[in-house]
$ cat final03.cif   # mmCIF, N, CA, C and O atoms
data_final
loop_
_atom_site.group_PDB
_atom_site.id
_atom_site.type_symbol
_atom_site.label_atom_id
_atom_site.label_comp_id
_atom_site.auth_asym_id
_atom_site.auth_seq_id
_atom_site.Cartn_x
_atom_site.Cartn_y
_atom_site.Cartn_z
ATOM 1 N N MET A 1 221.013 -80.119 113.286
ATOM 2 C CA MET A 1 220.266 -81.126 112.558
ATOM 3 C C MET A 1 218.775 -80.930 112.836
ATOM 4 O O MET A 1 218.364 -80.809 113.974
ATOM 5 N N ALA A 2 217.996 -80.878 111.801
ATOM 6 C CA ALA A 2 216.548 -80.766 111.950
ATOM 7 C C ALA A 2 215.965 -82.146 112.244
ATOM 8 O O ALA A 2 216.259 -83.116 111.560
ATOM 9 N N ILE A 3 215.161 -82.234 113.294
ATOM 10 C CA ILE A 3 214.512 -83.483 113.693
ATOM 11 C C ILE A 3 213.014 -83.295 113.531
ATOM 12 O O ILE A 3 212.467 -82.257 113.898
ATOM 13 N N ILE A 4 212.347 -84.304 112.977
ATOM 14 C CA ILE A 4 210.892 -84.241 112.846
ATOM 15 C C ILE A 4 210.248 -85.109 113.930
ATOM 16 O O ILE A 4 210.880 -86.015 114.482
ATOM 17 N N GLY A 5 209.010 -84.808 114.218
ATOM 18 C CA GLY A 5 208.288 -85.518 115.270
ATOM 19 C C GLY A 5 208.239 -87.020 115.062
ATOM 20 O O GLY A 5 208.361 -87.805 116.013
ATOM 21 N N ASN A 6 208.071 -87.433 113.810
ATOM 22 C CA ASN A 6 208.003 -88.870 113.522
ATOM 23 C C ASN A 6 209.314 -89.583 113.837
ATOM 24 O O ASN A 6 209.306 -90.763 114.167
ATOM 25 N N GLN A 7 210.440 -88.865 113.745
ATOM 26 C CA GLN A 7 211.725 -89.480 114.099
ATOM 27 C C GLN A 7 211.793 -89.775 115.592
ATOM 28 O O GLN A 7 212.302 -90.822 115.991
ATOM 29 N N ILE A 8 211.288 -88.877 116.403
ATOM 30 C CA ILE A 8 211.273 -89.104 117.852
ATOM 31 C C ILE A 8 210.421 -90.327 118.163
ATOM 32 O O ILE A 8 210.830 -91.228 118.901
ATOM 33 N N ARG A 9 209.227 -90.369 117.583
ATOM 34 C CA ARG A 9 208.313 -91.498 117.810
ATOM 35 C C ARG A 9 208.936 -92.806 117.313
ATOM 36 O O ARG A 9 208.902 -93.832 118.002
ATOM 37 N N ALA A 10 209.520 -92.793 116.127
ATOM 38 C CA ALA A 10 210.127 -93.997 115.552
ATOM 39 C C ALA A 10 211.319 -94.460 116.388
ATOM 40 O O ALA A 10 211.508 -95.662 116.603
ATOM 41 N N ALA A 11 212.109 -93.528 116.856
ATOM 42 C CA ALA A 11 213.272 -93.871 117.679
ATOM 43 C C ALA A 11 212.827 -94.546 118.969
ATOM 44 O O ALA A 11 213.391 -95.566 119.377
ATOM 45 N N ARG A 12 211.815 -93.994 119.606
ATOM 46 C CA ARG A 12 211.277 -94.599 120.827
ATOM 47 C C ARG A 12 210.781 -95.998 120.572
ATOM 48 O O ARG A 12 211.053 -96.929 121.330
ATOM 49 N N SER A 13 210.055 -96.156 119.480
ATOM 50 C CA SER A 13 209.505 -97.459 119.121
ATOM 51 C C SER A 13 210.617 -98.467 118.834
ATOM 52 O O SER A 13 210.537 -99.625 119.240
ATOM 53 N N LEU A 14 211.645 -98.018 118.168
ATOM 54 C CA LEU A 14 212.767 -98.879 117.789
ATOM 55 C C LEU A 14 213.445 -99.496 119.011
ATOM 56 O O LEU A 14 213.851 -100.656 118.981
ATOM 57 N N ILE A 15 213.519 -98.732 120.088
ATOM 58 C CA ILE A 15 214.165 -99.247 121.292
ATOM 59 C C ILE A 15 213.165 -99.685 122.362
ATOM 60 O O ILE A 15 213.564 -100.103 123.447
ATOM 61 N N GLY A 16 211.874 -99.588 122.057
ATOM 62 C CA GLY A 16 210.844 -100.043 122.989
ATOM 63 C C GLY A 16 210.732 -99.182 124.238
ATOM 64 O O GLY A 16 210.531 -99.702 125.331
ATOM 65 N N MET A 17 210.841 -97.879 124.069
ATOM 66 C CA MET A 17 210.815 -96.959 125.209
ATOM 67 C C MET A 17 209.502 -96.180 125.235
ATOM 68 O O MET A 17 209.069 -95.652 124.213
ATOM 69 N N GLU A 18 208.892 -96.091 126.401
ATOM 70 C CA GLU A 18 207.658 -95.320 126.579
ATOM 71 C C GLU A 18 207.985 -93.823 126.652
ATOM 72 O O GLU A 18 209.115 -93.438 126.998
ATOM 73 N N GLN A 19 206.990 -92.995 126.375
ATOM 74 C CA GLN A 19 207.173 -91.540 126.441
ATOM 75 C C GLN A 19 207.631 -91.102 127.823
ATOM 76 O O GLN A 19 208.520 -90.259 127.946
ATOM 77 N N ILE A 20 207.050 -91.672 128.852
ATOM 78 C CA ILE A 20 207.394 -91.288 130.225
ATOM 79 C C ILE A 20 208.856 -91.605 130.532
ATOM 80 O O ILE A 20 209.564 -90.802 131.142
ATOM 81 N N THR A 21 209.319 -92.756 130.084
ATOM 82 C CA THR A 21 210.710 -93.147 130.320
ATOM 83 C C THR A 21 211.666 -92.209 129.603
ATOM 84 O O THR A 21 212.676 -91.772 130.174
ATOM 85 N N LEU A 22 211.353 -91.884 128.351
ATOM 86 C CA LEU A 22 212.189 -90.945 127.601
ATOM 87 C C LEU A 22 212.209 -89.590 128.290
ATOM 88 O O LEU A 22 213.263 -88.967 128.428
ATOM 89 N N ALA A 23 211.057 -89.143 128.745
ATOM 90 C CA ALA A 23 210.979 -87.857 129.440
ATOM 91 C C ALA A 23 211.875 -87.852 130.674
ATOM 92 O O ALA A 23 212.618 -86.892 130.912
ATOM 93 N N GLU A 24 211.835 -88.921 131.444
ATOM 94 C CA GLU A 24 212.668 -89.016 132.650
ATOM 95 C C GLU A 24 214.149 -88.999 132.297
ATOM 96 O O GLU A 24 214.937 -88.296 132.932
ATOM 97 N N LYS A 25 214.537 -89.765 131.279
ATOM 98 C CA LYS A 25 215.944 -89.826 130.876
ATOM 99 C C LYS A 25 216.435 -88.488 130.337
ATOM 100 O O LYS A 25 217.600 -88.146 130.496
ATOM 101 N N ALA A 26 215.537 -87.739 129.680
ATOM 102 C CA ALA A 26 215.911 -86.452 129.092
ATOM 103 C C ALA A 26 215.744 -85.281 130.062
ATOM 104 O O ALA A 26 216.195 -84.174 129.773
ATOM 105 N N GLY A 27 215.079 -85.516 131.182
ATOM 106 C CA GLY A 27 214.856 -84.439 132.143
ATOM 107 C C GLY A 27 213.815 -83.435 131.697
ATOM 108 O O GLY A 27 213.913 -82.248 132.002
ATOM 109 N N VAL A 28 212.818 -83.922 130.953
ATOM 110 C CA VAL A 28 211.711 -83.069 130.492
ATOM 111 C C VAL A 28 210.396 -83.731 130.901
ATOM 112 O O VAL A 28 210.393 -84.847 131.403
ATOM 113 N N SER A 29 209.289 -83.067 130.655
ATOM 114 C CA SER A 29 207.995 -83.655 131.002
ATOM 115 C C SER A 29 207.523 -84.594 129.891
ATOM 116 O O SER A 29 207.931 -84.459 128.733
ATOM 117 N N ALA A 30 206.662 -85.526 130.274
ATOM 118 C CA ALA A 30 206.066 -86.431 129.284
ATOM 119 C C ALA A 30 205.261 -85.631 128.268
ATOM 120 O O ALA A 30 205.192 -85.991 127.090
ATOM 121 N N ASN A 31 204.667 -84.538 128.700
ATOM 122 C CA ASN A 31 203.898 -83.687 127.799
ATOM 123 C C ASN A 31 204.803 -83.077 126.723
ATOM 124 O O ASN A 31 204.395 -82.911 125.574
ATOM 125 N N THR A 32 206.043 -82.776 127.075
ATOM 126 C CA THR A 32 206.999 -82.245 126.100
ATOM 127 C C THR A 32 207.259 -83.280 125.010
ATOM 128 O O THR A 32 207.264 -82.953 123.820
ATOM 129 N N ILE A 33 207.453 -84.536 125.400
ATOM 130 C CA ILE A 33 207.677 -85.601 124.429
ATOM 131 C C ILE A 33 206.450 -85.753 123.534
ATOM 132 O O ILE A 33 206.560 -85.837 122.305
ATOM 133 N N ARG A 34 205.279 -85.765 124.149
ATOM 134 C CA ARG A 34 204.019 -85.881 123.395
ATOM 135 C C ARG A 34 203.896 -84.749 122.382
ATOM 136 O O ARG A 34 203.547 -84.973 121.224
ATOM 137 N N ASN A 35 204.202 -83.526 122.820
ATOM 138 C CA ASN A 35 204.115 -82.373 121.921
ATOM 139 C C ASN A 35 205.137 -82.456 120.791
ATOM 140 O O ASN A 35 204.843 -82.090 119.649
ATOM 141 N N MET A 36 206.337 -82.919 121.093
ATOM 142 C CA MET A 36 207.363 -83.053 120.055
ATOM 143 C C MET A 36 206.918 -84.060 118.999
ATOM 144 O O MET A 36 207.060 -83.812 117.800
ATOM 145 N N GLU A 37 206.392 -85.189 119.430
ATOM 146 C CA GLU A 37 205.948 -86.211 118.493
ATOM 147 C C GLU A 37 204.745 -85.747 117.674
ATOM 148 O O GLU A 37 204.556 -86.178 116.539
ATOM 149 N N ALA A 38 203.962 -84.843 118.237
ATOM 150 C CA ALA A 38 202.771 -84.340 117.546
ATOM 151 C C ALA A 38 203.120 -83.504 116.310
ATOM 152 O O ALA A 38 202.260 -83.277 115.459
ATOM 153 N N PHE A 39 204.372 -83.092 116.174
ATOM 154 C CA PHE A 39 204.780 -82.371 114.974
ATOM 155 C C PHE A 39 204.747 -83.267 113.739
ATOM 156 O O PHE A 39 204.767 -82.779 112.613
ATOM 157 N N GLY A 40 204.708 -84.590 113.948
ATOM 158 C CA GLY A 40 204.592 -85.527 112.826
ATOM 159 C C GLY A 40 205.712 -85.371 111.826
ATOM 160 O O GLY A 40 206.879 -85.485 112.173
ATOM 161 N N SER A 41 205.366 -85.095 110.585
ATOM 162 C CA SER A 41 206.369 -84.975 109.524
ATOM 163 C C SER A 41 206.976 -83.572 109.439
ATOM 164 O O SER A 41 207.743 -83.289 108.529
ATOM 165 N N GLU A 42 206.642 -82.729 110.389
ATOM 166 C CA GLU A 42 207.187 -81.369 110.432
ATOM 167 C C GLU A 42 208.366 -81.296 111.389
ATOM 168 O O GLU A 42 208.487 -82.092 112.321
ATOM 169 N N ARG A 43 209.217 -80.328 111.176
ATOM 170 C CA ARG A 43 210.375 -80.098 112.046
ATOM 171 C C ARG A 43 209.897 -79.758 113.455
ATOM 172 O O ARG A 43 208.999 -78.940 113.639
ATOM 173 N N VAL A 44 210.500 -80.392 114.461
ATOM 174 C CA VAL A 44 210.161 -80.129 115.856
ATOM 175 C C VAL A 44 210.648 -78.738 116.219
ATOM 176 O O VAL A 44 211.811 -78.391 115.977
ATOM 177 N N LYS A 45 209.754 -77.941 116.783
ATOM 178 C CA LYS A 45 210.085 -76.562 117.143
ATOM 179 C C LYS A 45 210.006 -76.421 118.657
ATOM 180 O O LYS A 45 208.940 -76.150 119.215
ATOM 181 N N VAL A 46 211.135 -76.664 119.304
ATOM 182 C CA VAL A 46 211.281 -76.495 120.743
ATOM 183 C C VAL A 46 212.634 -75.832 120.983
ATOM 184 O O VAL A 46 213.435 -75.673 120.061
ATOM 185 N N ARG A 47 212.903 -75.489 122.239
ATOM 186 C CA ARG A 47 214.212 -74.924 122.568
ATOM 187 C C ARG A 47 215.295 -75.923 122.200
ATOM 188 O O ARG A 47 215.126 -77.128 122.332
ATOM 189 N N THR A 48 216.419 -75.403 121.756
ATOM 190 C CA THR A 48 217.533 -76.250 121.327
ATOM 191 C C THR A 48 217.992 -77.169 122.444
ATOM 192 O O THR A 48 218.257 -78.359 122.209
ATOM 193 N N ASP A 49 218.077 -76.663 123.675
ATOM 194 C CA ASP A 49 218.546 -77.510 124.771
ATOM 195 C C ASP A 49 217.564 -78.631 125.082
ATOM 196 O O ASP A 49 217.966 -79.730 125.459
ATOM 197 N N THR A 50 216.280 -78.392 124.871
ATOM 198 C CA THR A 50 215.275 -79.432 125.068
ATOM 199 C C THR A 50 215.415 -80.516 124.008
ATOM 200 O O THR A 50 215.429 -81.717 124.320
ATOM 201 N N LEU A 51 215.550 -80.112 122.755
ATOM 202 C CA LEU A 51 215.724 -81.074 121.669
ATOM 203 C C LEU A 51 217.012 -81.870 121.862
ATOM 204 O O LEU A 51 217.027 -83.090 121.685
ATOM 205 N N ASP A 52 218.076 -81.193 122.265
ATOM 206 C CA ASP A 52 219.347 -81.877 122.502
ATOM 207 C C ASP A 52 219.217 -82.910 123.616
ATOM 208 O O ASP A 52 219.756 -84.015 123.508
ATOM 209 N N ALA A 53 218.524 -82.573 124.690
ATOM 210 C CA ALA A 53 218.359 -83.501 125.814
ATOM 211 C C ALA A 53 217.611 -84.759 125.372
ATOM 212 O O ALA A 53 217.985 -85.885 125.734
ATOM 213 N N VAL A 54 216.568 -84.581 124.568
ATOM 214 C CA VAL A 54 215.771 -85.720 124.100
ATOM 215 C C VAL A 54 216.574 -86.569 123.114
ATOM 216 O O VAL A 54 216.625 -87.800 123.244
ATOM 217 N N THR A 55 217.200 -85.930 122.148
ATOM 218 C CA THR A 55 217.973 -86.712 121.171
ATOM 219 C C THR A 55 219.189 -87.364 121.823
ATOM 220 O O THR A 55 219.533 -88.493 121.481
ATOM 221 N N ASP A 56 219.808 -86.703 122.784
ATOM 222 C CA ASP A 56 220.946 -87.302 123.488
ATOM 223 C C ASP A 56 220.515 -88.543 124.267
ATOM 224 O O ASP A 56 221.243 -89.542 124.302
ATOM 225 N N ALA A 57 219.339 -88.484 124.890
ATOM 226 C CA ALA A 57 218.828 -89.639 125.628
ATOM 227 C C ALA A 57 218.588 -90.817 124.683
ATOM 228 O O ALA A 57 218.873 -91.973 125.025
ATOM 229 N N LEU A 58 218.082 -90.541 123.492
ATOM 230 C CA LEU A 58 217.841 -91.597 122.506
ATOM 231 C C LEU A 58 219.158 -92.119 121.926
ATOM 232 O O LEU A 58 219.330 -93.324 121.752
ATOM 233 N N LYS A 59 220.085 -91.214 121.669
ATOM 234 C CA LYS A 59 221.394 -91.628 121.145
ATOM 235 C C LYS A 59 222.135 -92.509 122.148
ATOM 236 O O LYS A 59 222.857 -93.425 121.757
ATOM 237 N N ALA A 60 221.961 -92.235 123.431
ATOM 238 C CA ALA A 60 222.599 -93.048 124.469
ATOM 239 C C ALA A 60 222.101 -94.490 124.441
ATOM 240 O O ALA A 60 222.788 -95.401 124.896
ATOM 241 N N GLU A 61 220.924 -94.692 123.864
ATOM 242 C CA GLU A 61 220.337 -96.034 123.736
ATOM 243 C C GLU A 61 220.683 -96.678 122.401
ATOM 244 O O GLU A 61 220.202 -97.763 122.085
ATOM 245 N N GLY A 62 221.488 -95.990 121.567
ATOM 246 C CA GLY A 62 221.939 -96.560 120.304
ATOM 247 C C GLY A 62 221.224 -96.054 119.065
ATOM 248 O O GLY A 62 221.451 -96.553 117.968
ATOM 249 N N VAL A 63 220.374 -95.046 119.215
ATOM 250 C CA VAL A 63 219.635 -94.502 118.073
ATOM 251 C C VAL A 63 220.521 -93.545 117.282
ATOM 252 O O VAL A 63 221.259 -92.750 117.853
ATOM 253 N N VAL A 64 220.444 -93.647 115.963
ATOM 254 C CA VAL A 64 221.138 -92.723 115.066
ATOM 255 C C VAL A 64 220.065 -92.012 114.239
ATOM 256 O O VAL A 64 219.216 -92.664 113.628
ATOM 257 N N PHE A 65 220.094 -90.688 114.235
ATOM 258 C CA PHE A 65 219.149 -89.899 113.453
ATOM 259 C C PHE A 65 219.748 -89.653 112.078
ATOM 260 O O PHE A 65 220.906 -89.270 111.959
ATOM 261 N N GLN A 66 218.941 -89.857 111.027
ATOM 262 C CA GLN A 66 219.404 -89.673 109.657
ATOM 263 C C GLN A 66 218.527 -88.651 108.944
ATOM 264 O O GLN A 66 217.303 -88.671 109.077
ATOM 265 N N GLN A 67 219.188 -87.800 108.197
ATOM 266 C CA GLN A 67 218.478 -86.818 107.382
ATOM 267 C C GLN A 67 218.188 -87.429 106.012
ATOM 268 O O GLN A 67 218.838 -88.389 105.604
ATOM 269 N N ASP A 68 217.264 -86.861 105.295
ATOM 270 C CA ASP A 68 216.931 -87.331 103.959
ATOM 271 C C ASP A 68 218.180 -87.334 103.091
ATOM 272 O O ASP A 68 218.917 -86.356 103.048
ATOM 273 N N GLY A 69 218.441 -88.449 102.435
ATOM 274 C CA GLY A 69 219.565 -88.567 101.532
ATOM 275 C C GLY A 69 220.863 -88.982 102.192
ATOM 276 O O GLY A 69 221.849 -89.239 101.521
ATOM 277 N N GLU A 70 220.874 -89.063 103.526
ATOM 278 C CA GLU A 70 222.108 -89.404 104.230
ATOM 279 C C GLU A 70 222.521 -90.856 103.968
ATOM 280 O O GLU A 70 223.677 -91.127 103.689
ATOM 281 N N MET A 71 221.607 -91.788 104.089
ATOM 282 C CA MET A 71 221.879 -93.192 103.780
ATOM 283 C C MET A 71 220.983 -93.662 102.631
ATOM 284 O O MET A 71 221.393 -94.446 101.813
ATOM 285 N N THR A 72 219.760 -93.190 102.645
ATOM 286 C CA THR A 72 218.808 -93.500 101.583
ATOM 287 C C THR A 72 217.956 -92.264 101.346
ATOM 288 O O THR A 72 217.871 -91.396 102.202
ATOM 289 N N SER A 73 217.318 -92.205 100.207
ATOM 290 C CA SER A 73 216.423 -91.083 99.953
ATOM 291 C C SER A 73 215.016 -91.470 100.386
ATOM 292 O O SER A 73 214.726 -92.628 100.617
ATOM 293 N N GLY A 74 214.162 -90.504 100.520
ATOM 294 C CA GLY A 74 212.779 -90.771 100.872
ATOM 295 C C GLY A 74 212.333 -90.116 102.160
ATOM 296 O O GLY A 74 211.190 -90.242 102.567
ATOM 297 N N GLY A 75 213.214 -89.408 102.820
ATOM 298 C CA GLY A 75 212.829 -88.698 104.030
ATOM 299 C C GLY A 75 213.742 -89.030 105.196
ATOM 300 O O GLY A 75 214.564 -89.943 105.136
ATOM 301 N N ALA A 76 213.559 -88.265 106.264
ATOM 302 C CA ALA A 76 214.349 -88.456 107.472
ATOM 303 C C ALA A 76 213.994 -89.768 108.126
ATOM 304 O O ALA A 76 212.898 -90.288 107.953
ATOM 305 N N GLY A 77 214.938 -90.321 108.893
ATOM 306 C CA GLY A 77 214.676 -91.597 109.539
ATOM 307 C C GLY A 77 215.567 -91.814 110.752
ATOM 308 O O GLY A 77 216.295 -90.925 111.174
ATOM 309 N N VAL A 78 215.477 -93.019 111.290
ATOM 310 C CA VAL A 78 216.312 -93.422 112.425
ATOM 311 C C VAL A 78 216.774 -94.849 112.194
ATOM 312 O O VAL A 78 216.170 -95.595 111.426
ATOM 313 N N ARG A 79 217.862 -95.209 112.849
ATOM 314 C CA ARG A 79 218.306 -96.588 112.836
ATOM 315 C C ARG A 79 218.959 -96.861 114.167
ATOM 316 O O ARG A 79 219.238 -95.968 114.951
ATOM 317 N N LEU A 80 219.190 -98.129 114.439
ATOM 318 C CA LEU A 80 219.738 -98.542 115.722
ATOM 319 C C LEU A 80 221.135 -99.093 115.515
ATOM 320 O O LEU A 80 221.380 -99.886 114.619
ATOM 321 N N VAL A 81 222.053 -98.640 116.360
ATOM 322 C CA VAL A 81 223.423 -99.150 116.346
ATOM 323 C C VAL A 81 223.665 -99.790 117.704
ATOM 324 O O VAL A 81 223.370 -99.190 118.737
ATOM 325 N N ARG A 82 224.151 -100.976 117.715
ATOM 326 C CA ARG A 82 224.437 -101.659 118.995
ATOM 327 C C ARG A 82 225.898 -101.901 119.111
ATOM 328 O O ARG A 82 226.621 -102.135 118.243
#
$ encode --input "final03.cif" --output "structure tokens"
Amino acid sequence: MAIIGNQIRAARSLIGMEQITLAEKAGVSANTIRNMEAFGSERVKVRTDTLDAVTDALKAEGVVFQQDGEMTSGGAGVRLVR
């Protein structure tokens, strides 16, 4: 699944998590999170295991990543499942 930087930022915001906290939960540096989010509307280009660690940490908090057209059209997004 392709993840864009804005999805990481939106997911963090949705659950009220700081970059440092996400970095700790994912086992990466805060700078890695900052760099991933800096991709904005572009696909995040990092090692697969790094992206998996970050998305897994967010998914553990109830975040669901959606691709364009999956639930609605208009671009990739995130939602929260509790």
$ atom_distance --input "final03.cif" --atom1 "CA of Lys45 in chain A" --atom2 "atom N of Val63 in chain A"
21.3 Å
$ atom_distance --input "final03.cif" --atom1 "atom N of Ala26 in chain A" --atom2 "atom O of Gln67 in chain A"
24.3 Å
$ residues_around --input "final03.cif" --residues "Ile3 in chain A" --least-positions-apart "4" --cutoff "6 Å" --atoms "only N, CA, C and O atoms" --output "list of chain:residue names"
A:Glu42, A:Arg43, A:Val44, A:Lys45
$ atom_distance --input "final03.cif" --atom1 "atom C of Ser41 in chain A" --atom2 "atom C of Gly62 in chain A"
21.2 Å
$ residues_near_point --input "final03.cif" --point "(214.5, -96.9, 118.7)" --cutoff "12 Å" --atoms "only C-alpha atoms" --output "PyMOL selection string"
chain A and resi 6-19+22+55+57-65+77-82
$ write_last_selection --input "final03.cif" --atoms "N, CA, C and O atoms" --output "CSV table (one decimal), in the coordinates of the input"
chain,number,residue,atom,x,y,z
A,6,ASN,N,208.1,-87.4,113.8
A,6,ASN,CA,208.0,-88.9,113.5
A,6,ASN,C,209.3,-89.6,113.8
A,6,ASN,O,209.3,-90.8,114.2
A,7,GLN,N,210.4,-88.9,113.7
A,7,GLN,CA,211.7,-89.5,114.1
A,7,GLN,C,211.8,-89.8,115.6
A,7,GLN,O,212.3,-90.8,116.0
A,8,ILE,N,211.3,-88.9,116.4
A,8,ILE,CA,211.3,-89.1,117.9
A,8,ILE,C,210.4,-90.3,118.2
A,8,ILE,O,210.8,-91.2,118.9
A,9,ARG,N,209.2,-90.4,117.6
A,9,ARG,CA,208.3,-91.5,117.8
A,9,ARG,C,208.9,-92.8,117.3
A,9,ARG,O,208.9,-93.8,118.0
A,10,ALA,N,209.5,-92.8,116.1
A,10,ALA,CA,210.1,-94.0,115.6
A,10,ALA,C,211.3,-94.5,116.4
A,10,ALA,O,211.5,-95.7,116.6
A,11,ALA,N,212.1,-93.5,116.9
A,11,ALA,CA,213.3,-93.9,117.7
A,11,ALA,C,212.8,-94.5,119.0
A,11,ALA,O,213.4,-95.6,119.4
A,12,ARG,N,211.8,-94.0,119.6
A,12,ARG,CA,211.3,-94.6,120.8
A,12,ARG,C,210.8,-96.0,120.6
A,12,ARG,O,211.1,-96.9,121.3
A,13,SER,N,210.1,-96.2,119.5
A,13,SER,CA,209.5,-97.5,119.1
A,13,SER,C,210.6,-98.5,118.8
A,13,SER,O,210.5,-99.6,119.2
A,14,LEU,N,211.6,-98.0,118.2
A,14,LEU,CA,212.8,-98.9,117.8
A,14,LEU,C,213.4,-99.5,119.0
A,14,LEU,O,213.9,-100.7,119.0
A,15,ILE,N,213.5,-98.7,120.1
A,15,ILE,CA,214.2,-99.2,121.3
A,15,ILE,C,213.2,-99.7,122.4
A,15,ILE,O,213.6,-100.1,123.4
A,16,GLY,N,211.9,-99.6,122.1
A,16,GLY,CA,210.8,-100.0,123.0
A,16,GLY,C,210.7,-99.2,124.2
A,16,GLY,O,210.5,-99.7,125.3
A,17,MET,N,210.8,-97.9,124.1
A,17,MET,CA,210.8,-97.0,125.2
A,17,MET,C,209.5,-96.2,125.2
A,17,MET,O,209.1,-95.7,124.2
A,18,GLU,N,208.9,-96.1,126.4
A,18,GLU,CA,207.7,-95.3,126.6
A,18,GLU,C,208.0,-93.8,126.7
A,18,GLU,O,209.1,-93.4,127.0
A,19,GLN,N,207.0,-93.0,126.4
A,19,GLN,CA,207.2,-91.5,126.4
A,19,GLN,C,207.6,-91.1,127.8
A,19,GLN,O,208.5,-90.3,127.9
A,22,LEU,N,211.4,-91.9,128.4
A,22,LEU,CA,212.2,-90.9,127.6
A,22,LEU,C,212.2,-89.6,128.3
A,22,LEU,O,213.3,-89.0,128.4
A,55,THR,N,217.2,-85.9,122.1
A,55,THR,CA,218.0,-86.7,121.2
A,55,THR,C,219.2,-87.4,121.8
A,55,THR,O,219.5,-88.5,121.5
A,57,ALA,N,219.3,-88.5,124.9
A,57,ALA,CA,218.8,-89.6,125.6
A,57,ALA,C,218.6,-90.8,124.7
A,57,ALA,O,218.9,-92.0,125.0
A,58,LEU,N,218.1,-90.5,123.5
A,58,LEU,CA,217.8,-91.6,122.5
A,58,LEU,C,219.2,-92.1,121.9
A,58,LEU,O,219.3,-93.3,121.8
A,59,LYS,N,220.1,-91.2,121.7
A,59,LYS,CA,221.4,-91.6,121.1
A,59,LYS,C,222.1,-92.5,122.1
A,59,LYS,O,222.9,-93.4,121.8
A,60,ALA,N,222.0,-92.2,123.4
A,60,ALA,CA,222.6,-93.0,124.5
A,60,ALA,C,222.1,-94.5,124.4
A,60,ALA,O,222.8,-95.4,124.9
A,61,GLU,N,220.9,-94.7,123.9
A,61,GLU,CA,220.3,-96.0,123.7
A,61,GLU,C,220.7,-96.7,122.4
A,61,GLU,O,220.2,-97.8,122.1
A,62,GLY,N,221.5,-96.0,121.6
A,62,GLY,CA,221.9,-96.6,120.3
A,62,GLY,C,221.2,-96.1,119.1
A,62,GLY,O,221.5,-96.6,118.0
A,63,VAL,N,220.4,-95.0,119.2
A,63,VAL,CA,219.6,-94.5,118.1
A,63,VAL,C,220.5,-93.5,117.3
A,63,VAL,O,221.3,-92.8,117.9
A,64,VAL,N,220.4,-93.6,116.0
A,64,VAL,CA,221.1,-92.7,115.1
A,64,VAL,C,220.1,-92.0,114.2
A,64,VAL,O,219.2,-92.7,113.6
A,65,PHE,N,220.1,-90.7,114.2
A,65,PHE,CA,219.1,-89.9,113.5
A,65,PHE,C,219.7,-89.7,112.1
A,65,PHE,O,220.9,-89.3,112.0
A,77,GLY,N,214.9,-90.3,108.9
A,77,GLY,CA,214.7,-91.6,109.5
A,77,GLY,C,215.6,-91.8,110.8
A,77,GLY,O,216.3,-90.9,111.2
A,78,VAL,N,215.5,-93.0,111.3
A,78,VAL,CA,216.3,-93.4,112.4
A,78,VAL,C,216.8,-94.8,112.2
A,78,VAL,O,216.2,-95.6,111.4
A,79,ARG,N,217.9,-95.2,112.8
A,79,ARG,CA,218.3,-96.6,112.8
A,79,ARG,C,219.0,-96.9,114.2
A,79,ARG,O,219.2,-96.0,115.0
A,80,LEU,N,219.2,-98.1,114.4
A,80,LEU,CA,219.7,-98.5,115.7
A,80,LEU,C,221.1,-99.1,115.5
A,80,LEU,O,221.4,-99.9,114.6
A,81,VAL,N,222.1,-98.6,116.4
A,81,VAL,CA,223.4,-99.2,116.3
A,81,VAL,C,223.7,-99.8,117.7
A,81,VAL,O,223.4,-99.2,118.7
A,82,ARG,N,224.2,-101.0,117.7
A,82,ARG,CA,224.4,-101.7,119.0
A,82,ARG,C,225.9,-101.9,119.1
A,82,ARG,O,226.6,-102.1,118.2
$ select_by_dssp --input "final03.cif" --residues "chain A" --states "alpha helix (DSSP H)" --output "PyMOL selection string"
chain A and resi 5-15+19-26+30-37+48-59
$ closest_residue --input "final03.cif" --among "A:Gly5, A:Phe39, A:Val28, A:Gln66" --to "Val54 in chain A" --atoms "only N, CA, C and O atoms"
A:Val28
$ axis_aligned_box --input "final03.cif" --around "range 29-46 of chain A" --padding-each-side "5 Å" --output "lines of an AutoDock Vina configuration file"
center_x = 207.8
center_y = -81.1
center_z = 119.8
size_x = 21.2
size_y = 20.8
size_z = 32.5
$ select_by_dssp --input "final03.cif" --residues "chain A" --states "strand (DSSP E)" --output "list in words"
Val63, Val64, Phe65, Gln66, Gly77, Val78, Arg79 and Leu80 of chain A
